[in-house]
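S.K.: Supplied in structure tokens, the structure appears directly below.
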Amino acid sequence: MKQVPIVSHKAYVASLPDAHRFPMRKYGRLAEVVVEKGLVPNGFVVPQEASAELIALAHDRAYVDQVLACSVPREIERRIGLPVSESVVRRACASAGGTLLAARLALQHGLAGSTAGGSHHGQRETGAGFCVFNDVAIAAKALLREGAIHRALIVDLDVHQGDGTADCLRDEPDLFTFSMHAEKNYPVRKIPSDLDIGLPDHMEDDAYLDVLQSHLPRLLDALEPDLVFFNAGIDPHRDDKLGRLDLSEAGLWRRDAYVIEQARSRGIPMVSVIGGGYATDVDALARRHAIVFEAMAAWSEANG
């Protein structure tokens, strides 16, 4: 089987105070599950941490410098919901570097992913919602600036609306943001994406897939992007603590396989990041997050 490149870094797991509500340990367990499932027979690809200059493509430089110095105002730290410590900052830089490397690998190989990323609440001048830097916005702007791509589509299927990505990319008409999310969920004040689809609470697998199928093909055909960024958040799952939708694990698999098939059947490269997922059972979370990597491997095996 041809291996789909998967990017990972030990710094994806930051140190948090005991009993912190963010399930940081899922990143380490996800890397273990990916190995256990035989998805990286040649090992992970290890990224470099993103530089201040790279991050500042999507974020205000004053905010970037505050984060890197671990000196953000308390109000911003509260909005982020994580302590802006050396460990958390290193994680944010590694995650941004990882998404960019995975995107480059997708352009080379057709499919690639990172075992972190999808920090879609990170806005130009602030972090929020457990997101420090917006890795997808940073990677998309970097590739556009260097001419590696001319147009990209961000497909954000995290259960929360991608307000930060919309903010970071609002002046980039060739970086199209599509967010499909639980309408009544966080954030209360949504920053409009290029296309927002707000879903009612408790939507299940078939209805969810019907909505996705009514939008994704026409977007791909209209935009003809050079690259798809896929935020494969697992928080639409029915057992997620911060969800509001009722997808099953089979539904997540169908969703991910559908996005992959729609992009790759058109010859469009796709890079996946893991997005949100919240539960006390870290092993269950990791196994749900692994679904997108299993689906990429299955598509690669079936299509050579």
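Each chain in the structure tokens gets a letter, A, B, ..., in the order shown, and its residues are numbered from 1; ligands are numbered from 1 in order too.
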If you count only C-alpha atoms, which residues fall within 10 Å of range 33-35 of chain A, apart from same-chain ones fewer than 2 positions away, as number ranges by chain?

M.R.: A: 6, 27-31, 37-44, 115, 283, 286-287, 289-291, 293-294

S.K.: Write to file, as a PDB file, in the first residue's frame, the residues of the selection just made, with C-alpha atoms.

M.R.:
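Output below, filename again_25.pdb:
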ATOM      1  CA  ILE A   6       1.084  11.980   7.816  1.00  0.00           C
ATOM      2  CA  TYR A  27      -2.862  14.229  20.329  1.00  0.00           C
ATOM      3  CA  GLY A  28      -0.357  11.802  21.774  1.00  0.00           C
ATOM      4  CA  ARG A  29      -2.854   8.961  21.801  1.00  0.00           C
ATOM      5  CA  LEU A  30      -3.867   9.738  18.183  1.00  0.00           C
ATOM      6  CA  ALA A  31      -0.253   9.384  17.047  1.00  0.00           C
ATOM      7  CA  LYS A  37      -3.306   0.816  12.692  1.00  0.00           C
ATOM      8  CA  GLY A  38      -0.279   0.558  10.388  1.00  0.00           C
ATOM      9  CA  LEU A  39      -0.966   3.868   8.653  1.00  0.00           C
ATOM     10  CA  VAL A  40       2.630   5.106   8.866  1.00  0.00           C
ATOM     11  CA  PRO A  41       4.838   2.077   8.046  1.00  0.00           C
ATOM     12  CA  ASN A  42       7.668   4.463   7.147  1.00  0.00           C
ATOM     13  CA  GLY A  43       7.053   6.729  10.118  1.00  0.00           C
ATOM     14  CA  PHE A  44       5.655  10.223  10.525  1.00  0.00           C
ATOM     15  CA  THR A 115      -2.288  14.751  13.523  1.00  0.00           C
ATOM     16  CA  ASP A 283      -8.868   6.703  23.625  1.00  0.00           C
ATOM     17  CA  ALA A 286      -8.160   9.393  19.319  1.00  0.00           C
ATOM     18  CA  ARG A 287      -9.887   6.562  17.470  1.00  0.00           C
ATOM     19  CA  HIS A 289      -9.738  11.362  14.958  1.00  0.00           C
ATOM     20  CA  ALA A 290      -7.961   8.449  13.234  1.00  0.00           C
ATOM     21  CA  ILE A 291     -10.965   7.887  10.952  1.00  0.00           C
ATOM     22  CA  PHE A 293      -6.404   8.951   8.132  1.00  0.00           C
ATOM     23  CA  GLU A 294      -7.964   5.507   7.673  1.00  0.00           C
TER      24      GLU A 294
END

S.K.: Could you pull out all residues of range 14-205 of chain A with a DSSP call of alpha helix (DSSP H) and give them as a ChimeraX atom specification?

M.R.: /A:25-36,52-55,61-68,74-80,86-109,135-145,163-168,205

S.K.: What gap, in Å, lies between CA of Ala148 in chain A and CA of Leu223 in chain A?

M.R.: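 Atom-to-atom, CA of Ala148 in chain A and CA of Leu223 in chain A are spaced 16.6 Å apart.
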
S.K.: Quick one: distance from CA of Ala116 in chain A to CA of Ala62 in chain A in Å, one decimal?

M.R.: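 Between CA of Ala116 in chain A and CA of Ala62 in chain A the gap is 24.9 Å.
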
S.K.: Under the rule that only C-alpha atoms are counted, which of A:Glu77, A:Asp226, A:Asp135, A:Asp60 is the nearest residue to Arg151 in chain A?

M.R.: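 Between A:Glu77, A:Asp226, A:Asp135, A:Asp60, the residue approaching Arg151 in chain A most closely is A:Asp226.
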
S.K.: Write out as a PyMOL selection string which residues come within 7 Å of Ala11 in chain A when counting only C-alpha atoms, dropping same-chain ones fewer than 5 positions away.

M.R.: chain A and resi 90-91+94
